[in-house]
Amino acid sequence: MNCVPRCVRSALLVGQIVCLTVPTTAISETAPLIAPEIRQLVGASSARVIVELRFDESGDPNQRPEAIARAQDALLSRLPHSHITVARRYTSVPLLALEIDATALAALEAMPDLVVSVKPDRRSKTQ
């Protein structure tokens, strides 16, 4: 004898299907993922970070650099300018390298419409 009624199993199945088919625009504005070490770094002084940007990828692939630039401009216009330094603007990937302090980190956290994640900018060794 099965302990879970058929209607409950059906409801669970429908719920799983809905979760798997929700358009990305409906879940695109989740809170930015902030690497834990960033909070420690900006608490002491400033930190160099890589900000992953959220942008509209639905258009023409040839327009991707312009879409990335618009997302970068939008982000920079909303950050307190005295609390950031732009280290690098990327043209082919939705990233921005910044030097930030705690005030700028708080501003980035308040931008789920533009910020996917904030991670430390670690220099990689060339091979």
# chains A, B, ... in the order shown; residues from 1 in each chain; ligands from 1
>>> residues_around(residues="range 73-87 of chain A", least_positions_apart="3", cutoff="6 Å", atoms="only C-alpha atoms", output="PDB file with C-alpha atoms, in the first residue's frame")
ATOM      1  CA  ARG A  70      25.142  48.997 -22.058  1.00  0.00           C
ATOM      2  CA  ALA A  97      36.912  44.322 -13.186  1.00  0.00           C
ATOM      3  CA  LEU A  98      36.624  46.848 -10.366  1.00  0.00           C
ATOM      4  CA  GLU A  99      38.422  47.973  -7.243  1.00  0.00           C
ATOM      5  CA  ILE A 100      35.674  48.398  -4.616  1.00  0.00           C
ATOM      6  CA  ASP A 101      35.171  49.178  -0.955  1.00  0.00           C
ATOM      7  CA  ALA A 104      30.410  49.849  -3.386  1.00  0.00           C
TER       8      ALA A 104
END
>>> closest_residue(among="A:Ala71, A:Ile50, A:Leu114, A:Val93", to="Ile34 in chain A", atoms="only C-alpha atoms")
A:Ile50
>>> closest_residue(among="A:Arg123, A:Arg48, A:Arg54, A:Arg88", to="Thr30 in chain A", atoms="only C-alpha atoms")
A:Arg54
>>> closest_residue(among="A:Glu66, A:Ile38, A:Ala44, A:Phe55", to="Asp113 in chain A", atoms="only C-alpha atoms")
A:Phe55
>>> closest_residue(among="A:Leu96, A:Ala106, A:Leu53, A:Ala35", to="Lys119 in chain A", atoms="only C-alpha atoms")
A:Ala35
>>> residues_around(residues="Ala67 in chain A", least_positions_apart="4", cutoff="9 Å", atoms="only C-alpha atoms", output="PyMOL selection string")
chain A and resi 55-57+59+63+71-72+94
>>> closest_residue(among="A:Glu37, A:Glu29, A:Pro61, A:Thr103", to="Val49 in chain A", atoms="only C-alpha atoms")
A:Glu37
>>> residues_around(residues="Glu52 in chain A", least_positions_apart="4", cutoff="6 Å", atoms="only C-alpha atoms", output="ChimeraX atom specification")
/A:94-95,116-117
>>> write_last_selection(atoms="C-alpha atoms", output="compact mmCIF listing (two decimals), in the first residue's frame")
# COMPACT_ATOMS: atom_id res chain seq x y z
CA PRO A 94 29.68 40.22 -19.48
CA LEU A 95 32.32 41.03 -16.86
CA VAL A 116 24.94 38.00 -11.18
CA SER A 117 28.02 37.61 -8.98
>>> select_by_dssp(residues="range 47-94 of chain A", states="strand (DSSP E)", output="PyMOL selection string")
chain A and resi 47-53+84-89
>>> write_last_selection(atoms="N, CA and C atoms", output="mmCIF file, in the first residue's frame")
data_model
loop_
_atom_site.group_PDB
_atom_site.id
_atom_site.type_symbol
_atom_site.label_atom_id
_atom_site.label_comp_id
_atom_site.auth_asym_id
_atom_site.auth_seq_id
_atom_site.Cartn_x
_atom_site.Cartn_y
_atom_site.Cartn_z
ATOM 1 N N ALA A 47 39.079 45.966 -2.424
ATOM 2 C CA ALA A 47 39.388 44.682 -3.056
ATOM 3 C C ALA A 47 39.167 44.795 -4.554
ATOM 4 N N ARG A 48 39.996 44.092 -5.283
ATOM 5 C CA ARG A 48 39.792 44.011 -6.727
ATOM 6 C C ARG A 48 38.888 42.821 -6.997
ATOM 7 N N VAL A 49 37.808 43.067 -7.737
ATOM 8 C CA VAL A 49 36.803 42.041 -7.969
ATOM 9 C C VAL A 49 36.440 41.948 -9.448
ATOM 10 N N ILE A 50 35.834 40.823 -9.780
ATOM 11 C CA ILE A 50 35.225 40.630 -11.091
ATOM 12 C C ILE A 50 33.723 40.584 -10.866
ATOM 13 N N VAL A 51 33.011 41.477 -11.533
ATOM 14 C CA VAL A 51 31.558 41.522 -11.443
ATOM 15 C C VAL A 51 30.996 40.884 -12.707
ATOM 16 N N GLU A 52 30.175 39.844 -12.517
ATOM 17 C CA GLU A 52 29.496 39.220 -13.649
ATOM 18 C C GLU A 52 28.166 39.934 -13.829
ATOM 19 N N LEU A 53 27.930 40.410 -15.042
ATOM 20 C CA LEU A 53 26.749 41.223 -15.330
ATOM 21 C C LEU A 53 25.610 40.412 -15.924
ATOM 22 N N ILE A 84 34.734 53.381 -6.178
ATOM 23 C CA ILE A 84 35.153 52.366 -7.152
ATOM 24 C C ILE A 84 36.252 52.912 -8.055
ATOM 25 N N THR A 85 37.007 51.988 -8.613
ATOM 26 C CA THR A 85 37.937 52.277 -9.689
ATOM 27 C C THR A 85 37.729 51.189 -10.728
ATOM 28 N N VAL A 86 37.547 51.593 -11.970
ATOM 29 C CA VAL A 86 37.393 50.609 -13.042
ATOM 30 C C VAL A 86 38.777 50.115 -13.436
ATOM 31 N N ALA A 87 38.990 48.825 -13.279
ATOM 32 C CA ALA A 87 40.267 48.211 -13.647
ATOM 33 C C ALA A 87 40.249 47.745 -15.096
ATOM 34 N N ARG A 88 39.077 47.210 -15.534
ATOM 35 C CA ARG A 88 38.977 46.727 -16.922
ATOM 36 C C ARG A 88 37.533 46.547 -17.319
ATOM 37 N N ARG A 89 37.230 46.975 -18.533
ATOM 38 C CA ARG A 89 35.930 46.731 -19.153
ATOM 39 C C ARG A 89 36.152 45.679 -20.235
#
>>> select_by_dssp(residues="range 21-123 of chain A", states="alpha helix (DSSP H)", output="PyMOL selection string")
chain A and resi 21+24-27+36-44+64-78+102-109
>>> write_last_selection(atoms="N, CA and C atoms", output="mmCIF file, in the first residue's frame")
data_model
loop_
_atom_site.group_PDB
_atom_site.id
_atom_site.type_symbol
_atom_site.label_atom_id
_atom_site.label_comp_id
_atom_site.auth_asym_id
_atom_site.auth_seq_id
_atom_site.Cartn_x
_atom_site.Cartn_y
_atom_site.Cartn_z
ATOM 1 N N THR A 21 10.371 24.605 -16.052
ATOM 2 C CA THR A 21 9.996 25.308 -17.264
ATOM 3 C C THR A 21 9.789 26.797 -17.060
ATOM 4 N N THR A 24 13.730 32.030 -17.820
ATOM 5 C CA THR A 24 14.847 32.591 -17.068
ATOM 6 C C THR A 24 14.585 34.020 -16.646
ATOM 7 N N THR A 25 13.758 34.760 -17.365
ATOM 8 C CA THR A 25 13.471 36.135 -16.968
ATOM 9 C C THR A 25 12.740 36.175 -15.640
ATOM 10 N N ALA A 26 11.992 35.140 -15.315
ATOM 11 C CA ALA A 26 11.269 35.126 -14.056
ATOM 12 C C ALA A 26 12.189 34.866 -12.879
ATOM 13 N N ILE A 27 13.303 34.208 -13.111
ATOM 14 C CA ILE A 27 14.219 33.926 -12.011
ATOM 15 C C ILE A 27 15.532 34.692 -12.143
ATOM 16 N N PRO A 36 32.378 34.822 -0.302
ATOM 17 C CA PRO A 36 32.545 35.153 1.120
ATOM 18 C C PRO A 36 33.798 35.971 1.442
ATOM 19 N N GLU A 37 34.887 35.704 0.750
ATOM 20 C CA GLU A 37 36.119 36.430 1.064
ATOM 21 C C GLU A 37 36.062 37.907 0.680
ATOM 22 N N ILE A 38 35.139 38.266 -0.207
ATOM 23 C CA ILE A 38 35.011 39.666 -0.617
ATOM 24 C C ILE A 38 34.632 40.534 0.578
ATOM 25 N N ARG A 39 33.707 40.053 1.396
ATOM 26 C CA ARG A 39 33.272 40.832 2.571
ATOM 27 C C ARG A 39 34.443 41.102 3.510
ATOM 28 N N GLN A 40 35.281 40.107 3.708
ATOM 29 C CA GLN A 40 36.457 40.293 4.570
ATOM 30 C C GLN A 40 37.425 41.301 3.958
ATOM 31 N N LEU A 41 37.668 41.194 2.664
ATOM 32 C CA LEU A 41 38.614 42.078 1.995
ATOM 33 C C LEU A 41 38.162 43.533 2.032
ATOM 34 N N VAL A 42 36.891 43.784 1.709
ATOM 35 C CA VAL A 42 36.423 45.173 1.692
ATOM 36 C C VAL A 42 36.223 45.723 3.102
ATOM 37 N N GLY A 43 36.087 44.830 4.083
ATOM 38 C CA GLY A 43 35.997 45.280 5.467
ATOM 39 C C GLY A 43 37.295 45.898 5.945
ATOM 40 N N ALA A 44 38.415 45.418 5.431
ATOM 41 C CA ALA A 44 39.729 45.918 5.837
ATOM 42 C C ALA A 44 40.164 47.117 4.997
ATOM 43 N N ARG A 64 26.154 41.681 -29.388
ATOM 44 C CA ARG A 64 26.573 41.298 -28.036
ATOM 45 C C ARG A 64 27.524 42.308 -27.388
ATOM 46 N N PRO A 65 28.570 42.778 -28.071
ATOM 47 C CA PRO A 65 29.462 43.758 -27.436
ATOM 48 C C PRO A 65 28.727 45.031 -26.996
ATOM 49 N N GLU A 66 27.769 45.479 -27.805
ATOM 50 C CA GLU A 66 27.005 46.681 -27.444
ATOM 51 C C GLU A 66 26.103 46.411 -26.240
ATOM 52 N N ALA A 67 25.519 45.218 -26.183
ATOM 53 C CA ALA A 67 24.667 44.861 -25.047
ATOM 54 C C ALA A 67 25.489 44.788 -23.764
ATOM 55 N N ILE A 68 26.688 44.242 -23.854
ATOM 56 C CA ILE A 68 27.581 44.168 -22.692
ATOM 57 C C ILE A 68 27.969 45.579 -22.257
ATOM 58 N N ALA A 69 28.309 46.431 -23.202
ATOM 59 C CA ALA A 69 28.692 47.817 -22.883
ATOM 60 C C ALA A 69 27.536 48.561 -22.212
ATOM 61 N N ARG A 70 26.309 48.348 -22.683
ATOM 62 C CA ARG A 70 25.142 48.997 -22.058
ATOM 63 C C ARG A 70 24.970 48.535 -20.616
ATOM 64 N N ALA A 71 25.148 47.234 -20.378
ATOM 65 C CA ALA A 71 25.035 46.707 -19.013
ATOM 66 C C ALA A 71 26.135 47.287 -18.126
ATOM 67 N N GLN A 72 27.340 47.393 -18.652
ATOM 68 C CA GLN A 72 28.444 47.987 -17.891
ATOM 69 C C GLN A 72 28.152 49.446 -17.563
ATOM 70 N N ASP A 73 27.677 50.192 -18.551
ATOM 71 C CA ASP A 73 27.351 51.607 -18.335
ATOM 72 C C ASP A 73 26.254 51.763 -17.292
ATOM 73 N N ALA A 74 25.241 50.918 -17.368
ATOM 74 C CA ALA A 74 24.135 50.983 -16.404
ATOM 75 C C ALA A 74 24.644 50.719 -14.989
ATOM 76 N N LEU A 75 25.492 49.715 -14.844
ATOM 77 C CA LEU A 75 26.041 49.394 -13.536
ATOM 78 C C LEU A 75 26.886 50.553 -13.010
ATOM 79 N N LEU A 76 27.786 51.056 -13.822
ATOM 80 C CA LEU A 76 28.681 52.131 -13.386
ATOM 81 C C LEU A 76 27.917 53.406 -13.039
ATOM 82 N N SER A 77 26.820 53.659 -13.732
ATOM 83 C CA SER A 77 26.042 54.869 -13.440
ATOM 84 C C SER A 77 25.353 54.804 -12.084
ATOM 85 N N ARG A 78 25.151 53.594 -11.572
ATOM 86 C CA ARG A 78 24.463 53.416 -10.289
ATOM 87 C C ARG A 78 25.411 53.197 -9.114
ATOM 88 N N ALA A 102 33.607 48.730 0.855
ATOM 89 C CA ALA A 102 32.375 48.183 1.444
ATOM 90 C C ALA A 102 31.125 48.911 0.945
ATOM 91 N N THR A 103 31.213 50.210 0.731
ATOM 92 C CA THR A 103 30.065 50.977 0.231
ATOM 93 C C THR A 103 29.678 50.511 -1.171
ATOM 94 N N ALA A 104 30.675 50.320 -2.021
ATOM 95 C CA ALA A 104 30.410 49.849 -3.386
ATOM 96 C C ALA A 104 29.861 48.423 -3.379
ATOM 97 N N LEU A 105 30.359 47.582 -2.477
ATOM 98 C CA LEU A 105 29.844 46.213 -2.383
ATOM 99 C C LEU A 105 28.367 46.228 -2.012
ATOM 100 N N ALA A 106 27.989 47.076 -1.069
ATOM 101 C CA ALA A 106 26.577 47.179 -0.682
ATOM 102 C C ALA A 106 25.730 47.630 -1.872
ATOM 103 N N ALA A 107 26.252 48.548 -2.667
ATOM 104 C CA ALA A 107 25.528 49.006 -3.855
ATOM 105 C C ALA A 107 25.378 47.876 -4.875
ATOM 106 N N LEU A 108 26.431 47.091 -5.070
ATOM 107 C CA LEU A 108 26.365 45.959 -6.001
ATOM 108 C C LEU A 108 25.333 44.931 -5.543
ATOM 109 N N GLU A 109 25.283 44.693 -4.247
ATOM 110 C CA GLU A 109 24.322 43.730 -3.703
ATOM 111 C C GLU A 109 22.887 44.189 -3.918
#
